[in-house]
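Peer 1: For reference, the file structure-v9.pdb (PDB, C-alpha atoms) is included below:
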ATOM      1  CA  MET W   2    -167.728 109.351  72.395
ATOM      2  CA  ASN W   3    -167.600 105.561  72.894
ATOM      3  CA  GLU W   4    -169.462 103.851  75.712
ATOM      4  CA  TRP W   5    -166.316 103.415  77.828
ATOM      5  CA  SER W   6    -165.367 107.104  77.918
ATOM      6  CA  ASP W   7    -167.716 108.304  80.625
ATOM      7  CA  PHE W   8    -169.518 107.082  83.728
ATOM      8  CA  HIS W   9    -172.599 104.888  83.742
ATOM      9  CA  ARG W  10    -174.454 107.608  85.618
ATOM     10  CA  PRO W  11    -177.722 106.491  87.206
ATOM     11  CA  ALA W  12    -180.820 108.667  86.934
ATOM     12  CA  PHE W  13    -181.274 108.742  90.727
ATOM     13  CA  ARG W  14    -179.350 109.993  93.764
ATOM     14  CA  ASP W  15    -178.670 106.700  95.533
ATOM     15  CA  TRP W  16    -175.615 107.306  97.750
ATOM     16  CA  ARG W  17    -174.540 103.680  97.204
ATOM     17  CA  TRP W  18    -173.890 104.115  93.479
ATOM     18  CA  LEU W  19    -170.293 103.071  92.720
ATOM     19  CA  GLU W  20    -168.257 102.739  89.543
ATOM     20  CA  THR W  21    -164.783 101.218  89.710
ATOM     21  CA  SER W  22    -161.704 100.980  87.528
ATOM     22  CA  TRP W  23    -158.836  98.668  88.435
ATOM     23  CA  PHE W  24    -155.562  97.993  86.617
ATOM     24  CA  GLY W  25    -152.877  95.547  87.698
ATOM     25  CA  PHE W  26    -149.219  94.967  86.809
ATOM     26  CA  PHE W  27    -146.381  92.544  87.617
ATOM     27  CA  VAL W  28    -142.613  92.803  87.986
ATOM     28  CA  PRO W  29    -141.857  89.050  87.937
ATOM     29  CA  GLU W  30    -138.103  89.423  88.425
ATOM     30  CA  VAL W  31    -138.771  90.396  92.058
ATOM     31  CA  ASN W  32    -142.165  88.665  92.492
ATOM     32  CA  MET W  33    -143.831  92.071  92.691
ATOM     33  CA  ARG W  34    -147.504  92.816  92.123
ATOM     34  CA  GLY W  35    -149.169  96.213  91.853
ATOM     35  CA  HIS W  36    -152.763  97.456  91.918
ATOM     36  CA  LEU W  37    -154.158 100.822  90.849
ATOM     37  CA  ARG W  38    -157.813 101.360  91.682
ATOM     38  CA  ALA W  39    -160.252 104.244  91.527
ATOM     39  CA  ALA W  40    -163.753 103.804  92.958
ATOM     40  CA  PHE W  41    -166.074 106.645  91.991
ATOM     41  CA  ARG W  42    -169.022 107.654  94.178
ATOM     42  CA  THR W  43    -170.357 109.859  91.418
ATOM     43  CA  ASN W  44    -173.474 110.922  93.325
ATOM     44  CA  GLN W  45    -171.285 112.043  96.228
ATOM     45  CA  GLU W  46    -168.627 113.517  93.892
ATOM     46  CA  VAL W  47    -165.747 111.745  95.636
ATOM     47  CA  VAL W  48    -163.283 109.024  94.642
ATOM     48  CA  PHE W  49    -161.661 106.254  96.712
ATOM     49  CA  SER W  50    -158.127 106.132  95.286
ATOM     50  CA  MET W  51    -155.938 103.128  96.178
ATOM     51  CA  VAL W  52    -152.452 102.105  95.037
ATOM     52  CA  ASN W  53    -150.680  99.103  96.500
ATOM     53  CA  ILE W  54    -147.456  97.306  95.626
ATOM     54  CA  TYR W  55    -146.163  94.163  97.332
ATOM     55  CA  SER W  56    -143.337  91.659  96.815
ATOM     56  CA  ARG W  57    -143.559  89.596 100.019
ATOM     57  CA  GLY W  58    -146.191  88.313 102.410
ATOM     58  CA  GLY W  59    -147.452  89.807 105.630
ATOM     59  CA  GLY W  60    -149.531  92.846 106.510
ATOM     60  CA  VAL W  61    -149.700  96.464 105.475
ATOM     61  CA  LEU W  62    -146.257  97.345 106.895
ATOM     62  CA  ASP W  63    -144.716  94.511 104.868
ATOM     63  CA  MET W  64    -145.945  96.082 101.624
ATOM     64  CA  ASP W  65    -143.476  97.924  99.413
ATOM     65  CA  PHE W  66    -146.027 100.739  99.137
ATOM     66  CA  PHE W  67    -149.620 101.450 100.060
ATOM     67  CA  ASP W  68    -151.635 104.616  99.481
ATOM     68  CA  SER W  69    -155.340 104.773 100.379
ATOM     69  CA  GLN W  70    -157.254 108.051 100.015
ATOM     70  CA  MET W  71    -160.999 107.836 100.553
ATOM     71  CA  HIS W  72    -162.469 111.245  99.799
ATOM     72  CA  VAL W  73    -160.604 112.582  96.761
ATOM     73  CA  PRO W  74    -162.654 115.226  94.892
ATOM     74  CA  LEU W  75    -164.181 113.948  91.658
ATOM     75  CA  GLY W  76    -164.099 117.346  89.980
ATOM     76  CA  LEU W  77    -164.623 117.295  86.215
ATOM     77  CA  ALA W  78    -163.261 113.775  85.762
ATOM     78  CA  ARG W  79    -164.536 111.506  83.022
ATOM     79  CA  TYR W  80    -164.217 107.762  83.431
ATOM     80  CA  SER W  81    -161.386 107.313  80.928
ATOM     81  CA  ASN W  82    -159.756 110.722  81.326
ATOM     82  CA  PHE W  83    -159.000 111.989  84.812
ATOM     83  CA  SER W  84    -156.188 113.252  86.998
ATOM     84  CA  LEU W  85    -156.918 113.030  90.709
ATOM     85  CA  GLN W  86    -155.390 115.016  93.543
ATOM     86  CA  SER W  87    -154.198 111.676  94.938
ATOM     87  CA  GLY W  88    -151.660 111.555  92.074
ATOM     88  CA  LEU W  89    -153.469 108.853  90.060
ATOM     89  CA  SER W  90    -154.420 109.528  86.437
ATOM     90  CA  TYR W  91    -155.915 107.497  83.571
ATOM     91  CA  ARG W  92    -156.144 108.522  79.934
ATOM     92  CA  GLY W  93    -157.862 106.433  77.269
ATOM     93  CA  HIS W  94    -156.562 107.032  73.735
ATOM     94  CA  PRO W  95    -159.102 105.785  73.005
ATOM     95  CA  ALA W  96    -160.746 103.665  75.681
ATOM     96  CA  PRO W  97    -161.205 100.723  75.936
ATOM     97  CA  ASP W  98    -158.286  99.695  73.711
ATOM     98  CA  HIS W  99    -155.440 101.871  74.956
ATOM     99  CA  TYR W 100    -154.769 103.557  78.292
ATOM    100  CA  THR W 101    -151.948 105.541  79.819
ATOM    101  CA  VAL W 102    -151.995 105.054  83.586
ATOM    102  CA  GLU W 103    -149.738 107.211  85.747
ATOM    103  CA  TYR W 104    -149.224 107.757  89.442
ATOM    104  CA  ARG W 105    -147.073 110.207  91.383
ATOM    105  CA  SER W 106    -147.294 109.699  95.139
ATOM    106  CA  ARG W 107    -147.720 112.847  97.186
ATOM    107  CA  CYS W 108    -145.030 111.566  99.579
ATOM    108  CA  GLY W 109    -142.545 111.437  96.683
ATOM    109  CA  ARG W 110    -141.730 107.725  97.067
ATOM    110  CA  VAL W 111    -143.358 106.422  93.862
ATOM    111  CA  ALA W 112    -143.402 107.444  90.204
ATOM    112  CA  LEU W 113    -145.244 105.061  87.889
ATOM    113  CA  SER W 114    -145.976 105.355  84.165
ATOM    114  CA  LEU W 115    -147.632 102.463  82.316
ATOM    115  CA  GLU W 116    -149.031 101.913  78.823
ATOM    116  CA  TYR W 117    -151.898  99.421  78.540
ATOM    117  CA  ASP W 118    -152.688  97.938  75.117
ATOM    118  CA  ALA W 119    -155.727  95.638  74.953
ATOM    119  CA  LEU W 120    -155.306  92.020  73.874
ATOM    120  CA  MET W 121    -159.090  91.573  73.759
ATOM    121  CA  PRO W 122    -162.309  93.620  73.820
ATOM    122  CA  PRO W 123    -164.088  94.081  77.169
ATOM    123  CA  ALA W 124    -165.819  90.885  78.285
ATOM    124  CA  GLY W 125    -169.120  91.656  79.989
ATOM    125  CA  LEU W 126    -171.351  89.489  82.128
ATOM    126  CA  ASP W 127    -172.948  88.062  78.975
ATOM    127  CA  ILE W 128    -169.593  86.385  78.251
ATOM    128  CA  THR W 129    -168.233  85.609  81.708
ATOM    129  CA  THR W 130    -171.330  84.344  83.569
ATOM    130  CA  LEU W 131    -171.440  80.561  83.980
ATOM    131  CA  GLU W 132    -174.707  78.690  84.174
ATOM    132  CA  GLY W 133    -176.292  79.465  87.533
ATOM    133  CA  GLY W 134    -173.765  82.213  88.272
ATOM    134  CA  GLU W 135    -175.962  85.271  87.745
ATOM    135  CA  GLY W 136    -175.961  86.316  91.406
ATOM    136  CA  GLY W 137    -172.318  85.524  91.953
ATOM    137  CA  PHE W 138    -169.468  87.465  93.429
ATOM    138  CA  ALA W 139    -168.371  89.349  90.303
ATOM    139  CA  ALA W 140    -171.757  90.733  89.323
ATOM    140  CA  PHE W 141    -172.131  92.944  92.400
ATOM    141  CA  HIS W 142    -175.874  92.879  91.787
ATOM    142  CA  ARG W 143    -178.020  94.052  94.654
ATOM    143  CA  PRO W 144    -181.801  94.527  94.594
ATOM    144  CA  SER W 145    -182.748  98.089  93.683
ATOM    145  CA  LYS W 146    -186.166  99.707  93.679
ATOM    146  CA  GLN W 147    -184.967 101.928  90.840
ATOM    147  CA  ASN W 148    -183.932  98.910  88.732
ATOM    148  CA  ALA W 149    -180.510 100.507  88.370
ATOM    149  CA  PRO W 150    -178.173  99.392  85.577
ATOM    150  CA  THR W 151    -175.357  97.187  86.851
ATOM    151  CA  GLY W 152    -172.422  95.574  85.162
ATOM    152  CA  HIS W 153    -168.907  94.176  85.300
ATOM    153  CA  ILE W 154    -166.297  93.814  82.543
ATOM    154  CA  ASP W 155    -162.930  92.070  82.430
ATOM    155  CA  GLN W 156    -160.148  92.735  79.938
ATOM    156  CA  THR W 157    -156.556  91.550  79.406
ATOM    157  CA  PHE W 158    -153.785  93.992  78.447
ATOM    158  CA  LYS W 159    -150.137  94.066  77.465
ATOM    159  CA  VAL W 160    -148.474  96.382  79.999
ATOM    160  CA  VAL W 161    -145.206  98.255  79.414
ATOM    161  CA  GLY W 162    -143.645 101.037  81.448
ATOM    162  CA  GLU W 163    -141.561 101.989  84.433
ATOM    163  CA  LEU W 164    -141.860 102.025  88.197
ATOM    164  CA  VAL W 165    -139.554 104.088  90.397
ATOM    165  CA  LEU W 166    -139.901 103.183  94.077
ATOM    166  CA  ASP W 167    -137.683 104.866  96.683
ATOM    167  CA  GLY W 168    -135.165 105.576  93.934
ATOM    168  CA  ASP W 169    -135.110 101.976  92.684
ATOM    169  CA  ARG W 170    -136.095 101.626  89.027
ATOM    170  CA  TYR W 171    -138.085  98.648  87.699
ATOM    171  CA  ASP W 172    -139.009  97.937  84.087
ATOM    172  CA  VAL W 173    -142.586  96.736  83.692
ATOM    173  CA  ASN W 174    -143.220  94.359  80.794
ATOM    174  CA  CYS W 175    -146.050  91.934  81.484
ATOM    175  CA  VAL W 176    -149.616  90.869  80.777
ATOM    176  CA  SER W 177    -152.267  91.793  83.325
ATOM    177  CA  ASN W 178    -155.985  92.362  83.669
ATOM    178  CA  HIS W 179    -158.248  95.374  84.062
ATOM    179  CA  ASP W 180    -161.772  95.335  85.382
ATOM    180  CA  GLN W 181    -164.633  97.786  85.640
ATOM    181  CA  SER W 182    -167.883  97.540  87.569
ATOM    182  CA  TRP W 183    -170.904  99.745  88.155
ATOM    183  CA  SER W 184    -173.803  99.191  90.550
ATOM    184  CA  PRO W 185    -175.359 100.376  93.799
ATOM    185  CA  ARG W 186    -172.931  99.051  96.433
ATOM    186  CA  SER W 187    -173.017  99.498 100.177
ATOM    187  CA  GLU W 188    -169.960  99.729 102.407
ATOM    188  CA  PHE W 189    -170.737  96.659 104.502
ATOM    189  CA  ASN W 190    -171.653  92.959 104.255
ATOM    190  CA  SER W 191    -168.932  92.048 101.757
ATOM    191  CA  MET W 192    -169.527  88.684 100.081
ATOM    192  CA  CYS W 193    -166.956  85.936 100.575
ATOM    193  CA  GLY W 194    -165.235  85.005  97.329
ATOM    194  CA  THR W 195    -162.132  85.001  95.158
ATOM    195  CA  PHE W 196    -160.803  86.660  92.013
ATOM    196  CA  ASP W 197    -158.114  84.610  90.213
ATOM    197  CA  ASN W 198    -156.122  85.984  87.264
ATOM    198  CA  PHE W 199    -153.488  83.773  85.603
ATOM    199  CA  HIS W 200    -151.364  84.652  82.558
ATOM    200  CA  TRP W 201    -149.003  82.744  80.293
ATOM    201  CA  GLY W 202    -147.575  85.688  78.359
ATOM    202  CA  GLU W 203    -149.743  86.785  75.441
ATOM    203  CA  GLU W 204    -150.595  83.166  74.614
ATOM    204  CA  MET W 205    -153.177  82.511  77.345
ATOM    205  CA  THR W 206    -155.102  84.186  80.160
ATOM    206  CA  PHE W 207    -157.530  82.482  82.515
ATOM    207  CA  SER W 208    -159.662  84.686  84.746
ATOM    208  CA  ALA W 209    -162.294  83.459  87.196
ATOM    209  CA  GLN W 210    -164.383  84.542  90.153
ATOM    210  CA  ALA W 211    -165.736  82.177  92.788
ATOM    211  CA  VAL W 212    -168.233  82.792  95.566
ATOM    212  CA  GLU W 213    -167.907  80.941  98.886
ATOM    213  CA  GLN W 214    -171.191  80.409 100.677
ATOM    214  CA  PRO W 215    -170.313  78.907 103.083
ATOM    215  CA  PHE W 216    -166.596  79.604 103.477
ATOM    216  CA  GLY W 217    -164.641  76.603 102.218
ATOM    217  CA  SER W 218    -167.167  75.672  99.519
ATOM    218  CA  PRO W 219    -166.146  77.713  96.453
ATOM    219  CA  ARG W 220    -168.370  77.817  93.383
ATOM    220  CA  VAL W 221    -167.096  79.409  90.158
ATOM    221  CA  THR W 222    -169.686  81.897  88.914
ATOM    222  CA  HIS W 223    -167.788  83.901  86.266
ATOM    223  CA  ALA W 224    -164.810  83.076  84.067
ATOM    224  CA  PHE W 225    -163.287  83.450  80.622
ATOM    225  CA  LEU W 226    -160.304  82.124  78.700
ATOM    226  CA  LEU W 227    -158.188  84.148  76.275
ATOM    227  CA  MET W 228    -156.258  81.965  73.818
ATOM    228  CA  GLY W 229    -154.092  84.278  71.736
ATOM    229  CA  ASN W 230    -156.680  86.777  70.509
ATOM    230  CA  GLU W 231    -159.634  84.390  70.864
ATOM    231  CA  VAL W 232    -161.974  84.945  73.812
ATOM    232  CA  ARG W 233    -163.679  81.715  74.880
ATOM    233  CA  LYS W 234    -166.648  81.319  77.171
ATOM    234  CA  ILE W 235    -166.418  78.671  79.865
ATOM    235  CA  ARG W 236    -168.780  75.698  79.780
ATOM    236  CA  SER W 237    -167.839  74.432  83.262
ATOM    237  CA  ALA W 238    -165.229  75.184  85.911
ATOM    238  CA  ASP W 239    -164.461  73.582  89.271
ATOM    239  CA  VAL W 240    -161.946  74.991  91.728
ATOM    240  CA  SER W 241    -160.369  73.772  94.956
ATOM    241  CA  TYR W 242    -158.219  75.816  97.331
ATOM    242  CA  GLU W 243    -155.674  74.559  99.848
ATOM    243  CA  ARG W 244    -155.495  77.045 102.710
ATOM    244  CA  ASN W 245    -153.726  77.876 105.932
ATOM    245  CA  GLY W 246    -156.526  79.547 107.859
ATOM    246  CA  PHE W 247    -158.008  81.833 105.227
ATOM    247  CA  GLU W 248    -154.730  82.303 103.309
ATOM    248  CA  THR W 249    -154.585  80.303 100.077
ATOM    249  CA  THR W 250    -151.488  78.148  99.486
ATOM    250  CA  ARG W 251    -152.427  76.149  96.352
ATOM    251  CA  ILE W 252    -155.182  76.269  93.713
ATOM    252  CA  ARG W 253    -156.550  73.693  91.288
ATOM    253  CA  TYR W 254    -158.950  74.374  88.390
ATOM    254  CA  ASP W 255    -160.617  71.871  86.083
ATOM    255  CA  VAL W 256    -162.084  73.811  83.165
ATOM    256  CA  VAL W 257    -163.969  73.005  79.977
ATOM    257  CA  ASP W 258    -164.248  75.875  77.521
ATOM    258  CA  GLU W 259    -166.966  76.447  74.911
ATOM    259  CA  THR W 260    -165.019  74.489  72.271
ATOM    260  CA  GLY W 261    -164.976  71.423  74.525
ATOM    261  CA  GLU W 262    -161.239  71.733  75.213
ATOM    262  CA  GLU W 263    -160.255  70.737  78.756
ATOM    263  CA  HIS W 264    -157.744  72.661  80.865
ATOM    264  CA  GLN W 265    -156.173  71.571  84.152
ATOM    265  CA  ILE W 266    -154.621  74.569  85.882
ATOM    266  CA  SER W 267    -152.726  74.482  89.162
ATOM    267  CA  ALA W 268    -151.105  77.368  90.984
ATOM    268  CA  GLU W 269    -148.650  77.686  93.840
ATOM    269  CA  VAL W 270    -148.991  80.806  96.003
ATOM    270  CA  LEU W 271    -145.534  82.218  96.759
ATOM    271  CA  HIS W 272    -146.620  84.802  99.315
ATOM    272  CA  THR W 273    -149.823  86.371 100.639
ATOM    273  CA  LEU W 274    -150.393  89.980 101.666
ATOM    274  CA  THR W 275    -153.443  90.716 103.828
ATOM    275  CA  GLN W 276    -154.975  94.175 104.069
ATOM    276  CA  ASP W 277    -158.119  96.073 104.984
ATOM    277  CA  GLN W 278    -159.479  96.998 101.556
ATOM    278  CA  GLY W 279    -161.902  99.596 102.920
ATOM    279  CA  SER W 280    -165.693  99.248 103.003
ATOM    280  CA  ASN W 281    -165.456  96.702 105.861
ATOM    281  CA  GLY W 282    -163.773  94.143 103.624
ATOM    282  CA  ILE W 283    -160.552  92.197 104.095
ATOM    283  CA  THR W 284    -158.454  91.098 101.099
ATOM    284  CA  ALA W 285    -155.802  88.373 101.043
ATOM    285  CA  MET W 286    -153.728  88.862  97.880
ATOM    286  CA  GLY W 287    -151.531  85.948  96.854
ATOM    287  CA  TYR W 288    -148.761  86.139  94.239
ATOM    288  CA  CYS W 289    -149.081  82.946  92.171
ATOM    289  CA  ILE W 290    -147.078  80.797  89.806
ATOM    290  CA  PRO W 291    -149.782  79.044  87.737
ATOM    291  CA  GLU W 292    -149.007  75.983  85.613
ATOM    292  CA  ASN W 293    -150.833  74.600  82.585
ATOM    293  CA  ARG W 294    -149.571  71.718  80.420
ATOM    294  CA  GLY W 295    -146.124  72.012  81.975
ATOM    295  CA  ARG W 296    -145.785  75.736  81.289
ATOM    296  CA  LYS W 297    -145.463  78.182  84.154
ATOM    297  CA  GLY W 298    -146.884  81.708  84.142
ATOM    298  CA  MET W 299    -147.649  84.438  86.642
ATOM    299  CA  GLY W 300    -150.810  85.469  88.399
ATOM    300  CA  GLU W 301    -152.634  86.410  91.554
ATOM    301  CA  THR W 302    -155.447  85.157  93.745
ATOM    302  CA  MET W 303    -157.490  87.748  95.659
ATOM    303  CA  TRP W 304    -159.769  86.487  98.423
ATOM    304  CA  HIS W 305    -162.323  88.772 100.103
ATOM    305  CA  TRP W 306    -164.699  88.601 103.054
ATOM    306  CA  ASP W 307    -166.570  90.815 105.481
ATOM    307  CA  ILE W 308    -164.486  92.002 108.463
ATOM    308  CA  PRO W 309    -167.358  92.260 111.009
ATOM    309  CA  GLU W 310    -168.480  88.717 110.139
ATOM    310  CA  MET W 311    -164.938  87.362 110.493
ATOM    311  CA  GLN W 312    -164.579  89.187 113.818
ATOM    312  CA  ARG W 313    -167.820  87.569 115.017
ATOM    313  CA  ILE W 314    -166.446  84.136 114.135
ATOM    314  CA  VAL W 315    -163.187  84.834 115.978
ATOM    315  CA  ARG W 316    -164.943  86.227 119.050
ATOM    316  CA  GLU W 317    -167.284  83.233 119.308
ATOM    317  CA  ALA W 318    -164.388  80.772 118.957
ATOM    318  CA  ARG W 319    -162.389  82.518 121.669
ATOM    319  CA  LYS W 320    -165.230  82.283 124.170
ATOM    320  CA  GLY W 321    -164.381  78.584 124.353
ATOM    321  CA  ASP W 322    -160.630  78.925 123.779
ATOM    322  CA  PRO W 323    -159.204  82.399 124.556
ATOM    323  CA  ASP W 324    -155.852  81.476 123.014
ATOM    324  CA  ALA W 325    -157.214  80.096 119.730
ATOM    325  CA  SER W 326    -155.187  81.304 116.737
ATOM    326  CA  ILE W 327    -156.702  82.881 113.643
ATOM    327  CA  VAL W 328    -155.326  80.017 111.537
ATOM    328  CA  ASP W 329    -156.889  77.343 113.757
ATOM    329  CA  ILE W 330    -160.222  79.173 113.919
ATOM    330  CA  PHE W 331    -160.631  79.438 110.154
ATOM    331  CA  ASP W 332    -159.236  75.953 109.535
ATOM    332  CA  ASP W 333    -162.022  74.735 111.822
ATOM    333  CA  VAL W 334    -164.689  76.810 110.068
ATOM    334  CA  ARG W 335    -163.580  75.493 106.688
ATOM    335  CA  ALA W 336    -163.595  71.870 107.872
ATOM    336  CA  ARG W 337    -167.202  71.925 109.092
TER     337      ARG W 337
END
As C-alpha cells - that is how I would like this structure written.
Peer 2:
Amino acid sequence: MNEWSDFHRPAFRDWRWLETSWFGFFVPEVNMRGHLRAAFRTNQEVVFSMVNIYSRGGGVLDMDFFDSQMHVPLGLARYSNFSLQSGLSYRGHPAPDHYTVEYRSRCGRVALSLEYDALMPPAGLDITTLEGGEGGFAAFHRPSKQNAPTGHIDQTFKVVGELVLDGDRYDVNCVSNHDQSWSPRSEFNSMCGTFDNFHWGEEMTFSAQAVEQPFGSPRVTHAFLLMGNEVRKIRSADVSYERNGFETTRIRYDVVDETGEEHQISAEVLHTLTQDQGSNGITAMGYCIPENRGRKGMGETMWHWDIPEMQRIVREARKGDPDASIVDIFDDVRAR
C-alpha cells in the first residue's frame, strides 16, 4: 500500500479531524467549470460530498448543477478507493498517479466519468510554502494539544472523459488540479483567502494560495510552477486583485521561480459564481482566462471568507446606511 491509498488517521478522537479530496475539470468550449469534493470526518464516520458545475455567474440557482450532501456514511471507504451513497466514487490505480473519478446524481440529471493522469508527483507543503508562509491559508494548521499531523498537497492532472448533464453530452479534455488536505478543522471562523489555478495546456501550470488579513491586502503564502514535467518552487510572488465588492474581476501576479526566471501572469475573470460552501464559509468562484507571454490559458480563482464575519460587517454598515449595497460595503472595507 502506498501512502496515498488510505486516510491519515489520527490517534485521537478529535471531532474536528478532516481529510479532503478535491478534483476539478473544465469544458472550455462553454466556459464550464466543475468541482468534485469529498471531505471525510473519519472520527465521525461521515463524508461531506459536494459536486458543483457552473458556466455563468450568479448564485446557486444560476449553476448548471449543485449537489451538497453533508452526512453521507463513510462505511468501509479507503481514501483512494470509495463509492459513496451520494453517487461519487474515486478509484486510484494506483494513487497518486492515476484516478478514475465518477459521479451519478441520485436525481438522474448528471452522469460523469473522468480519467485523471498525473503530470507531476504530489507537491507537499515542503515544496509549496513560500518564505514566511507557514501559517497561511493553504496549510489549514490549527494549534492542537495532541500535536496532530497536518498537511496539504497539490497536483496537476491531464483529465479526459465525459459529462452528461440533462441529456446534453460534453467531452472533457483538459488540464486541472487536485488537492488533498488533512488536519483538525472546525466548522467556523473560515480564514479569508484565495486559491488560484491557471493552466496553459500541459506546458505550464501556476497554482497559488493567498491569505488576506485584512481583506484587500493579499499575501501569497503557497505556490508552485509546473513547466512541462518540471516542478519549480517559487522564490517570490506578489498578487493584486481588482474587485467589484468581494468578486474578483482581474488578477495580476509577478513571480520569480527557484531558477530565477520571472513570470508576469494576468487573468481576466469571465464570470463569478457565489455559493455557501458549508462550514460557515462563502466561496466566490471565478472562471478565468489567464495570460502569460501572450499565450492564453484557462483557470479559476476561488475566494473564501467567513459568513458570520461578513454578515457582521454588512450589519454594522447598514446601521449608518440601511440601503447600502453589498458591493459598496465591501468596496469600502477594501479601500480602508
Peer 1: Rank nothing, just name the residue among W:Gly162, W:Asp172, W:Gly60, W:Pro150 nearest to Tyr100 of chain W, using all atoms listed in the file.
Peer 2: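 Of the candidates, the smallest distance to Tyr100 of chain W is held by W:Gly162.
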Peer 1: Just so the selection is clear, what residues does the PyMOL selection byres ((chain W and resi 227) around 8) cover here, as a list in words?
Peer 2: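 Selection result, ordered by chain and number: Met121, Glu204, Met205, Thr206, Phe207, Phe225, Leu226, Met228, Gly229, Asn230, Glu231, Val232 and Arg233 of chain W.
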Peer 1: Go ahead and write the residues just picked, C-alpha atoms, as a JSON list (two decimals), in the frame of the given file.
Peer 2:
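Wrote out.json, looks like this:
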[["chain", "number", "residue", "atom", "x", "y", "z"],
["W", 121, "MET", "CA", -159.09, 91.57, 73.76],
["W", 204, "GLU", "CA", -150.60, 83.17, 74.61],
["W", 205, "MET", "CA", -153.18, 82.51, 77.34],
["W", 206, "THR", "CA", -155.10, 84.19, 80.16],
["W", 207, "PHE", "CA", -157.53, 82.48, 82.52],
["W", 225, "PHE", "CA", -163.29, 83.45, 80.62],
["W", 226, "LEU", "CA", -160.30, 82.12, 78.70],
["W", 228, "MET", "CA", -156.26, 81.96, 73.82],
["W", 229, "GLY", "CA", -154.09, 84.28, 71.74],
["W", 230, "ASN", "CA", -156.68, 86.78, 70.51],
["W", 231, "GLU", "CA", -159.63, 84.39, 70.86],
["W", 232, "VAL", "CA", -161.97, 84.94, 73.81],
["W", 233, "ARG", "CA", -163.68, 81.72, 74.88]]
Peer 1: Measuring atom to atom with all atoms listed in the file, identify which of W:Met64, W:Ala318, W:Ile308, W:Ile266 is nearest to Arg294 of chain W.
Peer 2: W:Ile266
Peer 1: Taking the file above as input, evaluate the PyMOL selection byres ((chain W and resi 93-99) around 7) and report the hits as a PDB file with C-alpha atoms, in the coordinates of the input.
Peer 2:
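Written output follows (expr_5.pdb):
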ATOM      1  CA  TRP W   5    -166.316 103.415  77.828  1.00  0.00           C
ATOM      2  CA  SER W   6    -165.367 107.104  77.918  1.00  0.00           C
ATOM      3  CA  SER W  81    -161.386 107.313  80.928  1.00  0.00           C
ATOM      4  CA  ASN W  82    -159.756 110.722  81.326  1.00  0.00           C
ATOM      5  CA  TYR W  91    -155.915 107.497  83.571  1.00  0.00           C
ATOM      6  CA  ARG W  92    -156.144 108.522  79.934  1.00  0.00           C
ATOM      7  CA  TYR W 100    -154.769 103.557  78.292  1.00  0.00           C
ATOM      8  CA  THR W 101    -151.948 105.541  79.819  1.00  0.00           C
ATOM      9  CA  TYR W 117    -151.898  99.421  78.540  1.00  0.00           C
ATOM     10  CA  ASP W 118    -152.688  97.938  75.117  1.00  0.00           C
ATOM     11  CA  ALA W 119    -155.727  95.638  74.953  1.00  0.00           C
TER      12      ALA W 119
END
Peer 1: I'd like the residues picked by the PyMOL selection byres ((chain W and resi 278) around 12) written out as a ChimeraX atom specification, using the chain letters and numbers from the file.
Peer 2: /W:36,38,40,49-53,60-61,67-71,188-189,191,274-277,279-286,303-308
Peer 1: What is the atom CA of Ile235 of chain W-atom CA of Tyr254 of chain W distance in Å, reported with one decimal?
Peer 2: 12.1 Å
Peer 1: So how many Å separate atom CA of Tyr171 of chain W and atom CA of Leu115 of chain W, to one decimal?
Peer 2: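 So the answer is 11.6 Å.
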Peer 1: Grab the atom CA of Pro215 of chain W to atom CA of Glu132 of chain W distance for me, in Å with one decimal place.
Peer 2: 19.4 Å
Peer 1: Tell me which protein, DNA and RNA residues are within 10 Å of segment 83-85 of chain W, counting only C-alpha atoms, leaving out same-chain ones fewer than 3 positions away, and put them as a list of chain:residue names.
Peer 2: W:Ala39, W:Val48, W:Ser50, W:Val73, W:Pro74, W:Leu75, W:Gly76, W:Leu77, W:Ala78, W:Arg79, W:Tyr80, W:Gly88, W:Leu89, W:Ser90, W:Tyr91, W:Arg92, W:Gly93, W:Val102, W:Glu103, W:Tyr104
Peer 1: I need the residue nearest Glu259 of chain W from this list: W:Arg14, W:Lys234, W:Arg105, W:Arg337. Use only C-alpha atoms for the distance.
Peer 2: W:Lys234
Peer 1: Could you list, as a list in words, every residue within 8 Å of segment 236-244 of chain W, counting all atoms listed in the file and ignoring same-chain residues fewer than 6 positions away?
Peer 2: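 Counting only the stated atoms, we get Leu131, Glu132, Pro219, Arg220, Val221, Thr250, Arg251, Ile252, Arg253, Tyr254, Asp255, Val256, Val257, Asp258, Glu259, Gly261 and Asp332 of chain W.
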Peer 1: Determine, counting all atoms listed in the file, which protein, DNA and RNA residues have an atom within 9 Å of an atom of Ser208 of chain W; residues of the same chain fewer than 4 positions away are not included. Present the result as a PyMOL selection string.
Peer 2: chain W and resi 155+178+196-200+223-227
Peer 1: I need every residue sitting at most 6 Å from the point (-177.5, 101.6, 94.2) (coordinates as in the file, all atoms listed in the file considered), written as a PyMOL selection string.
Peer 2: chain W and resi 15+17-18+184-186
Peer 1: Restricting the calculation to all atoms listed in the file, which member of W:Leu37, W:Val47, W:Ala268, W:Cys193 is positioned closest to Trp23 of chain W?
Peer 2: W:Leu37
Peer 1: Using all atoms listed in the file, pick whichever of W:Phe331, W:Arg107, W:Thr273, W:Lys320 has the shortest atom-to-atom distance to Arg57 of chain W.
Peer 2: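 Answer, going by the shortest atom-to-atom distance: W:Thr273.
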